[in-house]
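Text of target.pdb (PDB, C-alpha atoms) as supplied:
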```
ATOM      1  CA  MET J   1      46.383  32.750 -20.726
ATOM      2  CA  GLU J   2      42.656  33.236 -21.197
ATOM      3  CA  ILE J   3      39.750  31.003 -22.151
ATOM      4  CA  ALA J   4      36.392  31.861 -23.712
ATOM      5  CA  ILE J   5      33.094  30.668 -22.247
ATOM      6  CA  MET J   6      29.454  31.464 -22.921
ATOM      7  CA  LEU J   7      27.968  33.091 -19.808
ATOM      8  CA  ASN J   8      24.208  33.685 -19.785
ATOM      9  CA  GLY J   9      24.209  33.792 -23.571
ATOM     10  CA  GLU J  10      27.208  36.103 -23.978
ATOM     11  CA  ARG J  11      30.842  35.340 -24.786
ATOM     12  CA  ARG J  12      33.178  36.152 -21.891
ATOM     13  CA  MET J  13      36.931  35.859 -21.478
ATOM     14  CA  LEU J  14      38.277  34.397 -18.219
ATOM     15  CA  ALA J  15      41.698  33.641 -16.851
ATOM     16  CA  ALA J  16      42.656  29.987 -17.360
ATOM     17  CA  GLY J  17      42.099  28.036 -14.160
ATOM     18  CA  THR J  18      39.050  30.030 -13.052
ATOM     19  CA  THR J  19      36.680  27.938 -10.966
ATOM     20  CA  ILE J  20      32.909  28.352 -10.702
ATOM     21  CA  SER J  21      33.456  29.755  -7.230
ATOM     22  CA  GLY J  22      35.938  32.281  -8.610
ATOM     23  CA  LEU J  23      33.542  33.291 -11.377
ATOM     24  CA  VAL J  24      30.660  33.872  -8.967
ATOM     25  CA  GLU J  25      32.912  35.843  -6.656
ATOM     26  CA  SER J  26      34.241  38.012  -9.505
ATOM     27  CA  LEU J  27      30.667  38.890 -10.446
ATOM     28  CA  ALA J  28      29.948  39.953  -6.836
ATOM     29  CA  LEU J  29      26.944  37.623  -6.685
ATOM     30  CA  PRO J  30      25.448  36.410  -3.383
ATOM     31  CA  VAL J  31      26.590  32.785  -3.148
ATOM     32  CA  GLY J  32      23.522  31.602  -1.285
ATOM     33  CA  ARG J  33      21.026  33.065  -3.756
ATOM     34  CA  VAL J  34      22.139  31.885  -7.193
ATOM     35  CA  ALA J  35      22.271  28.565  -9.011
ATOM     36  CA  VAL J  36      24.840  27.607 -11.647
ATOM     37  CA  GLU J  37      24.436  25.293 -14.627
ATOM     38  CA  ARG J  38      27.527  24.173 -16.579
ATOM     39  CA  ASN J  39      27.022  22.527 -19.951
ATOM     40  CA  ARG J  40      23.380  21.798 -19.040
ATOM     41  CA  GLU J  41      24.301  20.113 -15.749
ATOM     42  CA  ILE J  42      23.584  21.754 -12.401
ATOM     43  CA  ALA J  43      26.759  22.525 -10.471
ATOM     44  CA  VAL J  44      26.312  21.679  -6.793
ATOM     45  CA  LYS J  45      27.438  24.577  -4.575
ATOM     46  CA  SER J  46      29.738  22.362  -2.527
ATOM     47  CA  SER J  47      31.733  21.572  -5.690
ATOM     48  CA  TRP J  48      32.131  25.127  -7.038
ATOM     49  CA  ALA J  49      35.651  25.579  -5.692
ATOM     50  CA  ASP J  50      36.781  22.356  -7.361
ATOM     51  CA  VAL J  51      35.207  22.783 -10.814
ATOM     52  CA  VAL J  52      37.640  24.504 -13.197
ATOM     53  CA  LEU J  53      35.978  26.099 -16.208
ATOM     54  CA  ALA J  54      37.254  25.105 -19.636
ATOM     55  CA  GLU J  55      37.339  26.634 -23.103
ATOM     56  CA  GLY J  56      33.873  26.572 -24.680
ATOM     57  CA  ASP J  57      31.939  25.868 -21.464
ATOM     58  CA  VAL J  58      28.355  27.103 -21.498
ATOM     59  CA  VAL J  59      27.433  28.532 -18.108
ATOM     60  CA  GLU J  60      24.066  29.784 -16.904
ATOM     61  CA  ILE J  61      23.689  31.641 -13.597
ATOM     62  CA  VAL J  62      20.133  32.248 -12.386
ATOM     63  CA  HIS J  63      18.384  33.740  -9.373
ATOM     64  CA  PHE J  64      14.835  34.446  -8.225
ATOM     65  CA  VAL J  65      13.039  37.606  -9.361
ATOM     66  CA  GLY J  66       9.519  38.858  -8.922
ATOM     67  CA  GLY J  67       6.909  38.263 -11.605
ATOM     68  CA  GLY J  68       7.051  40.441 -14.711
ATOM     69  CA  SER J  69      10.056  42.074 -16.284
ATOM     70  CA  ASP J  70      13.326  42.489 -14.411
ATOM     71  CA  ASP J  71      14.356  46.056 -15.156
ATOM     72  CA  SER J  72      17.132  46.430 -12.638
ATOM     73  CA  TRP J  73      20.321  48.466 -12.998
ATOM     74  CA  THR J  74      23.831  47.812 -11.752
ATOM     75  CA  VAL J  75      26.565  50.087 -10.433
ATOM     76  CA  ALA J  76      29.951  48.888  -9.180
ATOM     77  CA  GLY J  77      28.754  45.286  -9.226
ATOM     78  CA  ARG J  78      25.665  46.003  -7.099
ATOM     79  CA  THR J  79      22.185  45.609  -8.560
ATOM     80  CA  PHE J  80      19.156  47.721  -7.635
ATOM     81  CA  ARG J  81      15.533  47.683  -8.728
ATOM     82  CA  SER J  82      14.642  51.242  -7.744
ATOM     83  CA  ARG J  83      16.053  53.898 -10.060
ATOM     84  CA  LEU J  84      15.334  56.693  -7.602
ATOM     85  CA  ILE J  85      17.993  57.827  -5.125
ATOM     86  CA  VAL J  86      16.948  60.292  -2.439
ATOM     87  CA  GLY J  87      18.808  62.561  -0.055
ATOM     88  CA  THR J  88      18.613  62.983   3.689
ATOM     89  CA  GLY J  89      18.848  66.752   4.115
ATOM     90  CA  LYS J  90      16.329  69.584   4.674
ATOM     91  CA  TYR J  91      13.632  67.409   6.238
ATOM     92  CA  LYS J  92      11.753  68.619   9.315
ATOM     93  CA  ASP J  93      13.009  65.589  11.211
ATOM     94  CA  TYR J  94      14.410  62.105  10.679
ATOM     95  CA  ALA J  95      10.988  60.473  11.064
ATOM     96  CA  LEU J  96       9.613  62.418   8.098
ATOM     97  CA  ASN J  97      12.766  61.626   6.138
ATOM     98  CA  ALA J  98      12.323  57.920   6.805
ATOM     99  CA  ALA J  99       8.650  58.032   5.792
ATOM    100  CA  ALA J 100       9.555  59.747   2.517
ATOM    101  CA  VAL J 101      12.272  57.198   1.760
ATOM    102  CA  ASP J 102       9.785  54.395   2.369
ATOM    103  CA  ALA J 103       7.193  56.020   0.081
ATOM    104  CA  SER J 104       9.783  56.574  -2.654
ATOM    105  CA  GLY J 105      10.816  52.923  -2.763
ATOM    106  CA  ALA J 106      14.441  54.076  -2.905
ATOM    107  CA  GLU J 107      17.139  51.537  -2.099
ATOM    108  CA  ILE J 108      19.927  54.139  -1.822
ATOM    109  CA  VAL J 109      20.078  57.353   0.213
ATOM    110  CA  THR J 110      22.823  59.946   0.135
ATOM    111  CA  VAL J 111      24.316  60.905   3.486
ATOM    112  CA  ALA J 112      26.604  63.779   4.408
ATOM    113  CA  VAL J 113      29.637  63.289   6.648
ATOM    114  CA  ARG J 114      29.612  65.669   9.606
ATOM    115  CA  ARG J 115      31.267  65.929  13.009
ATOM    116  CA  VAL J 116      29.759  63.987  15.917
ATOM    117  CA  ASN J 117      27.761  66.163  18.331
ATOM    118  CA  LEU J 118      29.901  65.893  21.480
ATOM    119  CA  THR J 119      27.856  68.336  23.563
ATOM    120  CA  ASP J 120      24.519  66.526  23.316
ATOM    121  CA  ARG J 121      24.927  62.818  22.732
ATOM    122  CA  SER J 122      21.174  62.285  23.205
ATOM    123  CA  GLN J 123      20.356  63.858  19.833
ATOM    124  CA  PRO J 124      18.783  61.365  17.384
ATOM    125  CA  MET J 125      20.880  59.923  14.566
ATOM    126  CA  LEU J 126      19.874  59.093  11.006
ATOM    127  CA  THR J 127      20.712  55.436  11.551
ATOM    128  CA  ASP J 128      17.983  55.271  14.220
ATOM    129  CA  PHE J 129      15.379  55.912  11.520
ATOM    130  CA  ILE J 130      16.888  54.627   8.238
ATOM    131  CA  ASP J 131      18.572  51.267   8.741
ATOM    132  CA  PRO J 132      21.848  51.030   6.764
ATOM    133  CA  LYS J 133      21.376  47.246   6.722
ATOM    134  CA  LYS J 134      18.198  47.694   4.656
ATOM    135  CA  ILE J 135      18.938  50.892   2.723
ATOM    136  CA  VAL J 136      22.324  51.502   1.080
ATOM    137  CA  TYR J 137      24.033  54.593   2.441
ATOM    138  CA  LEU J 138      25.846  56.609  -0.227
ATOM    139  CA  PRO J 139      28.282  58.978   1.534
ATOM    140  CA  ASN J 140      28.736  62.215  -0.364
ATOM    141  CA  THR J 141      31.067  65.180  -0.191
ATOM    142  CA  ALA J 142      28.454  67.947  -0.034
ATOM    143  CA  GLY J 143      30.112  71.199   0.971
ATOM    144  CA  CYS J 144      33.595  70.300  -0.276
ATOM    145  CA  PHE J 145      35.348  72.855  -2.490
ATOM    146  CA  THR J 146      38.710  71.136  -3.069
ATOM    147  CA  ALA J 147      39.791  67.673  -4.169
ATOM    148  CA  GLU J 148      41.763  67.268  -0.943
ATOM    149  CA  ASP J 149      38.733  67.976   1.269
ATOM    150  CA  ALA J 150      36.553  65.593  -0.741
ATOM    151  CA  VAL J 151      39.104  62.760  -0.575
ATOM    152  CA  ARG J 152      39.621  63.311   3.148
ATOM    153  CA  THR J 153      35.858  63.246   3.766
ATOM    154  CA  LEU J 154      35.311  59.988   1.930
ATOM    155  CA  ARG J 155      38.264  58.294   3.585
ATOM    156  CA  LEU J 156      36.674  59.165   6.942
ATOM    157  CA  ALA J 157      33.326  57.843   5.687
ATOM    158  CA  ARG J 158      34.893  54.539   4.712
ATOM    159  CA  GLU J 159      36.557  54.280   8.103
ATOM    160  CA  ALA J 160      33.252  55.003   9.858
ATOM    161  CA  GLY J 161      31.002  52.683   7.907
ATOM    162  CA  GLY J 162      33.116  50.628   5.547
ATOM    163  CA  TRP J 163      31.551  52.194   2.459
ATOM    164  CA  ASN J 164      33.402  51.977  -0.856
ATOM    165  CA  LEU J 165      30.497  53.125  -3.029
ATOM    166  CA  VAL J 166      30.481  56.911  -2.679
ATOM    167  CA  LYS J 167      29.178  60.064  -4.326
ATOM    168  CA  LEU J 168      31.735  62.717  -5.175
ATOM    169  CA  GLU J 169      30.952  66.378  -5.606
ATOM    170  CA  VAL J 170      33.549  69.138  -5.564
ATOM    171  CA  LEU J 171      31.912  72.555  -5.779
ATOM    172  CA  ALA J 172      33.255  75.721  -7.379
ATOM    173  CA  ASP J 173      31.421  78.425  -5.429
ATOM    174  CA  GLN J 174      28.691  78.996  -2.839
ATOM    175  CA  LYS J 175      26.315  80.890  -5.123
ATOM    176  CA  THR J 176      25.847  78.426  -7.982
ATOM    177  CA  LEU J 177      27.111  75.203  -6.352
ATOM    178  CA  TYR J 178      28.352  74.249  -9.808
ATOM    179  CA  PRO J 179      30.989  71.502  -9.941
ATOM    180  CA  ASP J 180      34.638  72.462 -10.175
ATOM    181  CA  VAL J 181      35.497  70.185 -13.073
ATOM    182  CA  VAL J 182      39.284  70.253 -12.648
ATOM    183  CA  GLU J 183      39.108  69.437  -8.939
ATOM    184  CA  THR J 184      36.430  66.796  -9.563
ATOM    185  CA  ILE J 185      38.615  64.923 -12.055
ATOM    186  CA  ARG J 186      41.605  65.116  -9.679
ATOM    187  CA  ALA J 187      39.556  63.770  -6.788
ATOM    188  CA  THR J 188      38.102  60.988  -8.944
ATOM    189  CA  GLU J 189      41.550  59.771  -9.983
ATOM    190  CA  THR J 190      42.771  59.762  -6.371
ATOM    191  CA  LEU J 191      39.711  57.975  -4.997
ATOM    192  CA  VAL J 192      39.733  55.300  -7.715
ATOM    193  CA  LYS J 193      43.393  54.560  -6.952
ATOM    194  CA  ASP J 194      42.376  54.352  -3.290
ATOM    195  CA  GLY J 195      39.859  51.585  -4.037
ATOM    196  CA  PHE J 196      36.633  53.604  -4.037
ATOM    197  CA  ASP J 197      33.706  53.113  -6.414
ATOM    198  CA  VAL J 198      32.980  56.714  -7.341
ATOM    199  CA  MET J 199      29.648  58.093  -8.562
ATOM    200  CA  VAL J 200      30.449  61.624  -9.737
ATOM    201  CA  TYR J 201      28.339  64.802  -9.764
ATOM    202  CA  THR J 202      29.349  66.938 -12.727
ATOM    203  CA  THR J 203      28.254  69.484 -15.293
ATOM    204  CA  ASP J 204      26.041  68.426 -18.195
ATOM    205  CA  ASP J 205      29.056  68.438 -20.519
ATOM    206  CA  PRO J 206      29.586  65.278 -22.622
ATOM    207  CA  VAL J 207      33.342  65.885 -22.880
ATOM    208  CA  VAL J 208      33.767  66.202 -19.120
ATOM    209  CA  ALA J 209      31.534  63.188 -18.560
ATOM    210  CA  LYS J 210      33.780  61.086 -20.810
ATOM    211  CA  ARG J 211      36.911  62.317 -19.012
ATOM    212  CA  LEU J 212      35.408  61.279 -15.668
ATOM    213  CA  GLU J 213      34.526  57.837 -17.011
ATOM    214  CA  GLU J 214      38.092  57.471 -18.308
ATOM    215  CA  ALA J 215      39.323  58.493 -14.843
ATOM    216  CA  GLY J 216      37.499  55.470 -13.439
ATOM    217  CA  ALA J 217      34.114  56.803 -12.276
ATOM    218  CA  CYS J 218      31.557  54.002 -11.902
ATOM    219  CA  ALA J 219      28.625  56.346 -12.617
ATOM    220  CA  ILE J 220      28.241  59.814 -14.128
ATOM    221  CA  MET J 221      25.745  62.199 -12.506
ATOM    222  CA  PRO J 222      25.228  65.335 -14.618
ATOM    223  CA  LEU J 223      23.186  68.163 -13.145
ATOM    224  CA  GLY J 224      19.808  68.957 -14.626
ATOM    225  CA  ALA J 225      20.008  72.461 -13.132
ATOM    226  CA  PRO J 226      21.740  74.045 -10.118
ATOM    227  CA  ILE J 227      21.411  72.170  -6.811
ATOM    228  CA  GLY J 228      18.168  72.979  -5.000
ATOM    229  CA  SER J 229      16.862  75.216  -7.795
ATOM    230  CA  GLY J 230      13.925  73.055  -8.899
ATOM    231  CA  LEU J 231      14.335  74.396 -12.434
ATOM    232  CA  GLY J 232      14.136  70.978 -14.054
ATOM    233  CA  ILE J 233      16.358  69.689 -16.836
ATOM    234  CA  GLN J 234      17.640  72.712 -18.715
ATOM    235  CA  ASN J 235      19.566  70.977 -21.498
ATOM    236  CA  ARG J 236      18.050  67.731 -22.690
ATOM    237  CA  ILE J 237      20.404  67.510 -25.669
ATOM    238  CA  THR J 238      23.628  67.270 -23.654
ATOM    239  CA  ILE J 239      22.084  64.852 -21.144
ATOM    240  CA  ARG J 240      21.096  62.628 -24.053
ATOM    241  CA  LEU J 241      24.593  62.855 -25.557
ATOM    242  CA  ILE J 242      26.114  61.823 -22.220
ATOM    243  CA  VAL J 243      23.764  58.823 -22.055
ATOM    244  CA  GLU J 244      24.557  57.738 -25.609
ATOM    245  CA  GLN J 245      28.337  57.734 -25.136
ATOM    246  CA  ALA J 246      28.519  56.385 -21.582
ATOM    247  CA  GLY J 247      29.752  52.923 -20.695
ATOM    248  CA  VAL J 248      28.645  53.372 -17.075
ATOM    249  CA  PRO J 249      25.280  54.334 -15.533
ATOM    250  CA  VAL J 250      24.124  57.936 -15.973
ATOM    251  CA  LEU J 251      21.873  59.533 -13.343
ATOM    252  CA  VAL J 252      20.529  63.081 -13.347
ATOM    253  CA  ASP J 253      21.598  64.723 -10.110
ATOM    254  CA  ALA J 254      20.282  68.142  -9.004
ATOM    255  CA  GLY J 255      17.669  70.513 -10.348
ATOM    256  CA  VAL J 256      14.615  68.238 -10.281
ATOM    257  CA  GLY J 257      11.598  70.171  -8.968
ATOM    258  CA  THR J 258       8.597  68.000  -9.638
ATOM    259  CA  ALA J 259       7.537  64.630 -10.998
ATOM    260  CA  SER J 260       7.548  65.649 -14.667
ATOM    261  CA  ASP J 261      11.244  66.566 -14.384
ATOM    262  CA  ALA J 262      12.048  63.061 -13.119
ATOM    263  CA  ALA J 263      10.020  61.507 -15.941
ATOM    264  CA  ILE J 264      11.912  63.568 -18.533
ATOM    265  CA  ALA J 265      15.258  62.419 -17.137
ATOM    266  CA  MET J 266      14.185  58.805 -17.508
ATOM    267  CA  GLU J 267      12.712  59.371 -20.978
ATOM    268  CA  LEU J 268      16.144  60.603 -22.062
ATOM    269  CA  GLY J 269      17.535  57.166 -21.211
ATOM    270  CA  CYS J 270      19.125  57.924 -17.844
ATOM    271  CA  ASP J 271      19.597  54.965 -15.528
ATOM    272  CA  GLY J 272      18.210  56.860 -12.567
ATOM    273  CA  VAL J 273      17.543  60.163 -10.828
ATOM    274  CA  LEU J 274      18.915  61.554  -7.577
ATOM    275  CA  MET J 275      16.973  64.218  -5.696
ATOM    276  CA  ASN J 276      16.636  65.741  -2.263
ATOM    277  CA  THR J 277      15.079  69.222  -2.167
ATOM    278  CA  ALA J 278      12.212  68.352  -4.526
ATOM    279  CA  ILE J 279      10.886  65.904  -1.945
ATOM    280  CA  ALA J 280      12.114  67.453   1.305
ATOM    281  CA  GLU J 281      10.736  70.937   0.570
ATOM    282  CA  ALA J 282       7.405  69.810  -0.895
ATOM    283  CA  LYS J 283       4.339  70.745   1.166
ATOM    284  CA  ASP J 284       3.724  67.014   1.583
ATOM    285  CA  PRO J 285       7.103  65.226   1.264
ATOM    286  CA  VAL J 286       5.675  61.724   1.585
ATOM    287  CA  ARG J 287       3.120  62.290  -1.152
ATOM    288  CA  MET J 288       5.771  63.876  -3.376
ATOM    289  CA  ALA J 289       8.031  60.877  -2.775
ATOM    290  CA  ARG J 290       5.252  58.618  -4.069
ATOM    291  CA  ALA J 291       4.817  60.887  -7.087
ATOM    292  CA  MET J 292       8.537  60.766  -7.836
ATOM    293  CA  LYS J 293       8.542  56.971  -7.642
ATOM    294  CA  ALA J 294       5.671  56.805 -10.147
ATOM    295  CA  ALA J 295       7.320  59.383 -12.420
ATOM    296  CA  VAL J 296      10.631  57.526 -12.564
ATOM    297  CA  GLU J 297       8.833  54.277 -13.384
ATOM    298  CA  ALA J 298       6.635  55.937 -16.031
ATOM    299  CA  GLY J 299       9.595  57.699 -17.636
ATOM    300  CA  ARG J 300      11.553  54.468 -17.782
ATOM    301  CA  ASP J 301       8.608  52.642 -19.387
ATOM    302  CA  ALA J 302       8.232  55.422 -21.955
ATOM    303  CA  TYR J 303      11.933  55.213 -22.833
ATOM    304  CA  LEU J 304      11.773  51.437 -23.254
ATOM    305  CA  ALA J 305       8.563  51.710 -25.301
ATOM    306  CA  GLY J 306      10.188  54.116 -27.766
ATOM    307  CA  ARG J 307       8.379  57.386 -28.392
ATOM    308  CA  MET J 308       6.695  58.268 -31.671
ATOM    309  CA  PRO J 309       8.702  60.359 -34.142
ATOM    310  CA  ILE J 310       8.402  64.138 -33.945
ATOM    311  CA  ARG J 311       6.808  65.587 -37.081
ATOM    312  CA  LYS J 312       6.682  69.103 -38.473
ATOM    313  CA  TYR J 313       3.062  68.818 -39.616
ATOM    314  CA  ALA J 314      -0.069  67.067 -38.435
ATOM    315  CA  ASP J 315      -0.616  63.388 -39.171
ATOM    316  CA  PRO J 316      -4.250  62.223 -38.751
ATOM    317  CA  SER J 317      -4.941  59.271 -36.485
ATOM    318  CA  SER J 318      -7.856  58.188 -38.695
ATOM    319  CA  PRO J 319      -7.520  57.771 -42.486
ATOM    320  CA  LEU J 320      -9.064  60.578 -44.529
ATOM    321  CA  ALA J 321      -9.988  58.266 -47.410
ATOM    322  CA  GLY J 322     -13.596  57.045 -47.447
ATOM    323  CA  LEU J 323     -15.110  60.032 -45.657
ATOM    324  CA  ILE J 324     -18.868  60.407 -46.101
TER     325      ILE J 324
END
```

Please go through the file and, once you have read it, give me the structure as structure tokens.
Amino acid sequence: MEIAIMLNGERRMLAAGTTISGLVESLALPVGRVAVERNREIAVKSSWADVVLAEGDVVEIVHFVGGGSDDSWTVAGRTFRSRLIVGTGKYKDYALNAAAVDASGAEIVTVAVRRVNLTDRSQPMLTDFIDPKKIVYLPNTAGCFTAEDAVRTLRLAREAGGWNLVKLEVLADQKTLYPDVVETIRATETLVKDGFDVMVYTTDDPVVAKRLEEAGACAIMPLGAPIGSGLGIQNRITIRLIVEQAGVPVLVDAGVGTASDAAIAMELGCDGVLMNTAIAEAKDPVRMARAMKAAVEAGRDAYLAGRMPIRKYADPSSPLAGLI
């Protein structure tokens, strides 16, 4: 049996018998950082487990945010303010990588899963420079060419660090590094059944994107162009179609070369952009990271503002009537 409540202004169905504590937990909210109001009365935290919600209850859940608009995005129940995700490969060293991440404002970094160096244990580790307690690590399956290898890799990643939020990519060949769509869908289905929250790298094909969402992907990540190419977004139309039909976040992944590419991705309505080579191989990675941060923010603002219509002919800014 279900009941209907109003939660933060929206109607929501809950299982009968749900308590405030159960509601907060189901929303994956930090218990110590939110306040709950039920029917215009503040619910004391110590009573949450005892207060059973009833049909028609009006519930407000609030938290603290910085001044100005709160333009965050959410994936797999986790909320982030930065819409830029950066990689951790191709940098001269971990110190430069860490400086670029800091300049980018990114809250998520992708990390590859590789064998431990048993011959020289003194070699530095990424965790010495980028703290996984402050920055979310997103394990990925870079270099995997079969569903089995990708699933195996992410199961090892979860065992090593406890991560459920992961990035899946299953590649078709070494030359193009294009996704193998069939293997990607197979791996997605297996990982979702295994309890993973899967962000999926895929082609810029709206049909495939929908199939991956139906398979349980928590985010769709279409390529803008081949990995590491820097070509920019080659097909804006299909990216836009993917955004329009998606019920999960959409992030452009791969192909970004410079700041204008990131801005275009955001202007198309994407929830974010993932990049590595564009920053790591820039002449000044830290400065490029700052540029990418600004571009993502500007592109998002432009999308929210709503661009002017495109016209076939000129349209004067000043009226022509009344000319001297």

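Using only C-alpha atoms for every distance, the candidate list J:Thr238, J:Thr127, J:Thr258, J:Asn39 yields J:Asn39 as the residue closest to Met6 of chain J.
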
| remark: atom CA of Ala150 of chain J sits from atom CA of Tyr137 of chain J at a separation of 17.0 Å

| said: Given the PyMOL selection byres ((chain J and resi 186) around 12) and the file above, list the residues it selects as a ChimeraX atom specification. | reply: /J:146-151,168-170,180-185,187-193,200,211-212,215-217

| field | Residues within 8 Å of (13.9, 49.0, -11.2), counting only C-alpha atoms, listed as a PyMOL selection string | value | chain J and resi 70-73+80-83+297

| Length of the atom CA of Glu55 of chain J to atom CA of Ile5 of chain J vector [Å] | 5.9 Å

| query | Quick one: distance from atom CA of Asn8 of chain J to atom CA of Val34 of chain J in Å, one decimal? | reply | 12.9 Å

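Closest to Ser260 of chain J among J:Ala295, J:Ala278, J:Leu304, J:Val243 is J:Ala295, based on all atoms listed in the file.
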
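Applied to this file, the PyMOL selection byres ((chain J and resi 22) around 12) selects Leu14, Ala15, Ala16, Gly17, Thr18, Thr19, Ile20, Ser21, Leu23, Val24, Glu25, Ser26, Leu27, Ala28, Leu29, Val31, Ser47, Trp48, Ala49, Asp50, Val51, Val52 and Leu53 of chain J.
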
| message | Can you tell me which residues surround Lys293 of chain J at a distance of at most 6 Å, considering only C-alpha atoms, apart from same-chain residues fewer than 3 positions away, and format the answer as a list in words? | response | Ser104, Arg290 and Val296 of chain J

| said: So that I can see what lies close to Thr203 of chain J, please list as a list in words the residues with an atom at most 9 Å from it, counting all atoms listed in the file and leaving out residues fewer than 3 positions away in the same chain. | reply: Tyr178, Pro179, Asp180, Val181, Pro206, Val208, Ala209, Met221, Pro222, Leu223 and Gly224 of chain J

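Using only C-alpha atoms, the protein and nucleic acid residues lying no more than 10 Å from segment 91-96 of chain J, apart from those fewer than 6 places from it along its own chain, are Asp102, Pro124, Met125, Leu126, Thr127, Asp128, Phe129, Ile130, Asn276, Thr277, Ile279, Ala280, Glu281, Ala282, Asp284, Pro285 and Val286 of chain J.
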
Write a file of the just-selected residues containing C-alpha atoms, as a PDB file, keeping the file's coordinate frame.
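Saved as out.pdb:
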```
ATOM      1  CA  ASP J 102       9.785  54.395   2.369  1.00  0.00           C
ATOM      2  CA  PRO J 124      18.783  61.365  17.384  1.00  0.00           C
ATOM      3  CA  MET J 125      20.880  59.923  14.566  1.00  0.00           C
ATOM      4  CA  LEU J 126      19.874  59.093  11.006  1.00  0.00           C
ATOM      5  CA  THR J 127      20.712  55.436  11.551  1.00  0.00           C
ATOM      6  CA  ASP J 128      17.983  55.271  14.220  1.00  0.00           C
ATOM      7  CA  PHE J 129      15.379  55.912  11.520  1.00  0.00           C
ATOM      8  CA  ILE J 130      16.888  54.627   8.238  1.00  0.00           C
ATOM      9  CA  ASN J 276      16.636  65.741  -2.263  1.00  0.00           C
ATOM     10  CA  THR J 277      15.079  69.222  -2.167  1.00  0.00           C
ATOM     11  CA  ILE J 279      10.886  65.904  -1.945  1.00  0.00           C
ATOM     12  CA  ALA J 280      12.114  67.453   1.305  1.00  0.00           C
ATOM     13  CA  GLU J 281      10.736  70.937   0.570  1.00  0.00           C
ATOM     14  CA  ALA J 282       7.405  69.810  -0.895  1.00  0.00           C
ATOM     15  CA  ASP J 284       3.724  67.014   1.583  1.00  0.00           C
ATOM     16  CA  PRO J 285       7.103  65.226   1.264  1.00  0.00           C
ATOM     17  CA  VAL J 286       5.675  61.724   1.585  1.00  0.00           C
TER      18      VAL J 286
END
```

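Minimum atom-to-atom distances from J:Val256, J:Gly77, J:Ile108, J:Gly143 to Gly230 of chain J were compared using all atoms listed in the file, and the lowest value belongs to J:Val256.
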
| request: Starting from the displayed file, determine the output of the PyMOL selection byres ((chain J and resi 226) around 7) and express the residue list as JSON, numbers by chain. | output: {"J": [176, 177, 178, 223, 225, 227, 228, 229, 254, 255]}
